[in-house]
Amino acid sequence: MTTTEFTEDTAAIAFAEAGEQQEAKRMPGGSHADHHQGEAPPKKKPFLQTAIFGAISCSAYFLLFKNESLITETYTMGGWHAAFPVGTALFFSFCHGAFASNLLNILGIEAKK
Amino acid sequence: MKRFVIVLMVALFSIPLAADALAGGGGPPANVMKGIFLKVNETERTAVFLRDGGEKPSDLFLAESVKLDKIELNKKMMVELDEHADQPNVVKEVSTMFIDMTRNKLFALLVVGLIGGLLSGFIGSGGAFVLTPAMMSLGVPGAVAVASNMCHKFPKAMVGAYKRYKYGQADIKLGLVMAVTAIIGVQIGIKIQKYILNHWGNAGSNLYVSTIFVLVLVLVGAYVLWDAQKLAKGSDDKGTPKLALAMQKIKIPPMMHFKVANITLSAWVTVPVGLFTGMLAATIAVGGFIGVPGMIYVVGASAVVASATELIIAFVMGMWGSIQWGLSGLIDIRLTLLILATSLIGVQLGALGTTYVKDYMIKVVMAATMLIVAVSRGAKIPGYLADLGLRSPLEAQSTSLLNAVSFWALVAALGTAGLIIAAAMIRGMAADRRSKKIEGAIDLG
């Protein structure tokens, strides 16, 4: 913050404290002061991310059930094939987990700040 | 995020090594084989069976307990050999390895997954005690149900742990220290289980598991409920339990500082808690019922931090278990991923729910779940006592009544927990919005 901004800020606060809210808001530092008092800028909803992760997740589920018998057969062969179910579960947890997180965000269900 | 990825990578690479080093316990039973039936002789009760990965078929003898109509040729089946039979290769049970996925089964898995995830995100554990029996009641063989549940547990716990780490609730160091001792605890738990199985057979093992289940859940659940009630009445929410304060006075090196839990104590104090968590996990499949109360009352972490840290332990142990079951090829990935579809939503909902409630609410949900699940398991005990000849056999009517009590108690446990969490979250969110509106009005002044 430069010295000018600081003086403008303090001046805006002084006006606000004196009950001159309109005057305080008109000052360059006034909008800044308002910011600090809790009005967070509106957050963009992650529509694109939700759509991308949702599409990846849906396609993965579609592929799984389309090739059900081949997958269940291969995944249960034991030995080094253990990497398949463990890796697949990890992959789903990343893409489906990200989809779920973004979906909750869009629905406005967020953690308390 | 960087720190979380490092933990994930270390866990990924070190767990197979630990699993190799500790081989001999924790994995699937050795008397289970999978493969296809090539021929069945119904009159002689013999069959020709080609084991998975084997080149030469083997001859099996089918015990009276095996229902022949269950055997399907050229379809992947699981057979359980009778280890106590007079001759080798006697099959005592046969089941189809992969169930047909009907719409009802699919819906049931999604619902149970959602509530299991919600519970897991909120209290750090849960789901396993109901997911495995639920899958078995849909016709999934026991070993496949355990394996598929285990494989869904670690990614779910990972997502939950990450969320709660972001909220500043999960203590990674405490989680990893506890996980190491918990893995050793699993080995001890398995050894005890094997000893009991060899000496008193299946009924003895069932009775042991159920008795431990009921005892631990009733004692710990009642204590947690009493404590939560005391806190709800308005006593200090952040007061450290007396036992934990006494433990923190022990100064045997190495001393460790756990930043998120904000505790400095001897590493030795965490050892019994971790060991019992692992032993319980190997006995009743839900180590968290000891792990979370242990971290609260012995280590001295808050309920929020303890339940978040339990997710790290669940992740490490779940990953280790999944590799063991995966090596034996028993994971039905369809079941795993169907439960994951909703449990990944549930676990995140539960995790963010903890930011809206007071510490005691987590204890209330945990206590309610533990006490109702204890009723479910307790209803099975008379049957096991009768199997061991320790009481007169049960009548068919009593058996079906006890089974119904056991099943509906599980449903009630899940339903109650889901309702308490949802109500607490909605109340918390509404209160938060109200306070934000008031703040906004004051700002506009």
# chains A, B, ... in the order shown; residues from 1 in each chain; ligands from 1
call {"tool": "closest_atom_pairs", "arguments": {"of": "chain A", "to": "chain B", "cutoff": "9 Å", "atoms": "only C-alpha atoms", "output": "tab-separated table"}}
result
residue	atom	partner	partner_atom	distance
A:Gly19	CA	B:Gly445	CA	8.6
A:Gln21	CA	B:Gly445	CA	8.1
A:Asp34	CA	B:Asp443	CA	7.9
A:Gln37	CA	B:Asp443	CA	6.6
A:Gly38	CA	B:Gly440	CA	7.5
A:Glu39	CA	B:Gly440	CA	7.5
A:Tyr61	CA	B:Leu337	CA	8.2
A:Leu64	CA	B:Arg334	CA	7.6
A:Phe65	CA	B:Arg334	CA	7.8
A:Glu68	CA	B:Arg334	CA	7.8
A:Ile71	CA	B:Ile333	CA	8.2
A:Thr72	CA	B:Asp332	CA	6.4
A:Glu73	CA	B:Lys76	CA	8.5
A:Thr74	CA	B:Gly329	CA	9.0
A:Tyr75	CA	B:Gly329	CA	6.7
A:Thr76	CA	B:Gly329	CA	3.8
A:Met77	CA	B:Gly329	CA	5.1
A:Gly78	CA	B:Gly329	CA	3.8
A:Gly79	CA	B:Leu327	CA	4.5
A:Trp80	CA	B:Leu327	CA	6.6
A:His81	CA	B:Leu327	CA	7.0
A:Ala82	CA	B:Gly326	CA	4.2
A:Ala83	CA	B:Gly326	CA	7.5
A:Phe84	CA	B:Gly326	CA	8.5
A:Pro85	CA	B:Ile333	CA	6.1
A:Val86	CA	B:Cys151	CA	6.8
A:Thr88	CA	B:Ile333	CA	8.3
A:Ala89	CA	B:Pro155	CA	6.4
A:Leu90	CA	B:Pro155	CA	5.9
A:Phe91	CA	B:Pro155	CA	9.0
A:Phe92	CA	B:Leu337	CA	7.6
A:Ser93	CA	B:Pro155	CA	5.6
A:Phe94	CA	B:Val159	CA	8.1
A:His96	CA	B:Ala341	CA	7.1
A:Gly97	CA	B:Leu344	CA	5.7
A:Phe99	CA	B:Ile345	CA	8.9
A:Ala100	CA	B:Ile345	CA	5.3
A:Ser101	CA	B:Gln348	CA	7.0
A:Leu103	CA	B:Ile345	CA	9.0
A:Leu104	CA	B:Leu349	CA	8.0
A:Ile109	CA	B:Leu349	CA	8.1
A:Glu110	CA	B:Leu352	CA	6.6
A:Ala111	CA	B:Leu352	CA	4.7
A:Lys112	CA	B:Thr355	CA	5.5
A:Lys113	CA	B:Thr355	CA	8.2
call {"tool": "atom_distance", "arguments": {"atom1": "atom CA of B:Asp227", "atom2": "atom CA of B:Ser307"}}
result
15.8 Å
call {"tool": "select_by_dssp", "arguments": {"residues": "stretch 119-165 of chain B", "states": "alpha helix (DSSP H)", "output": "VMD selection string"}}
result
chain B and resid 119 to 123 128 to 137 142 to 165
call {"tool": "atom_distance", "arguments": {"atom1": "atom CA of A:Leu70", "atom2": "atom CA of B:Val66"}}
result
28.4 Å
call {"tool": "residues_around", "arguments": {"residues": "B:Asn74", "least_positions_apart": "4", "cutoff": "12 Å", "atoms": "only C-alpha atoms", "output": "list of chain:residue names"}}
result
B:Lys34, B:Gly35, B:Ile36, B:Phe37, B:Leu38, B:Lys39, B:Val40, B:Val48, B:Phe49, B:Leu50, B:Arg51, B:Asp52, B:Thr96
call {"tool": "atom_distance", "arguments": {"atom1": "atom CA of A:Leu48", "atom2": "atom CA of A:Ile106"}}
result
10.7 Å
call {"tool": "residues_around", "arguments": {"residues": "A:Cys95", "least_positions_apart": "5", "cutoff": "8 Å", "atoms": "only C-alpha atoms", "output": "list in words"}}
result
Phe53, Gly54, Ile56 and Ser57 of chain A
call {"tool": "write_last_selection", "arguments": {"atoms": "C-alpha atoms", "output": "mmCIF file, in the first residue's frame"}}
result
data_model
loop_
_atom_site.group_PDB
_atom_site.id
_atom_site.type_symbol
_atom_site.label_atom_id
_atom_site.label_comp_id
_atom_site.auth_asym_id
_atom_site.auth_seq_id
_atom_site.Cartn_x
_atom_site.Cartn_y
_atom_site.Cartn_z
ATOM 1 C CA PHE A 53 -14.581 -34.301 -14.238
ATOM 2 C CA GLY A 54 -18.209 -35.441 -14.472
ATOM 3 C CA ILE A 56 -14.484 -38.340 -17.305
ATOM 4 C CA SER A 57 -16.151 -40.079 -14.381
#
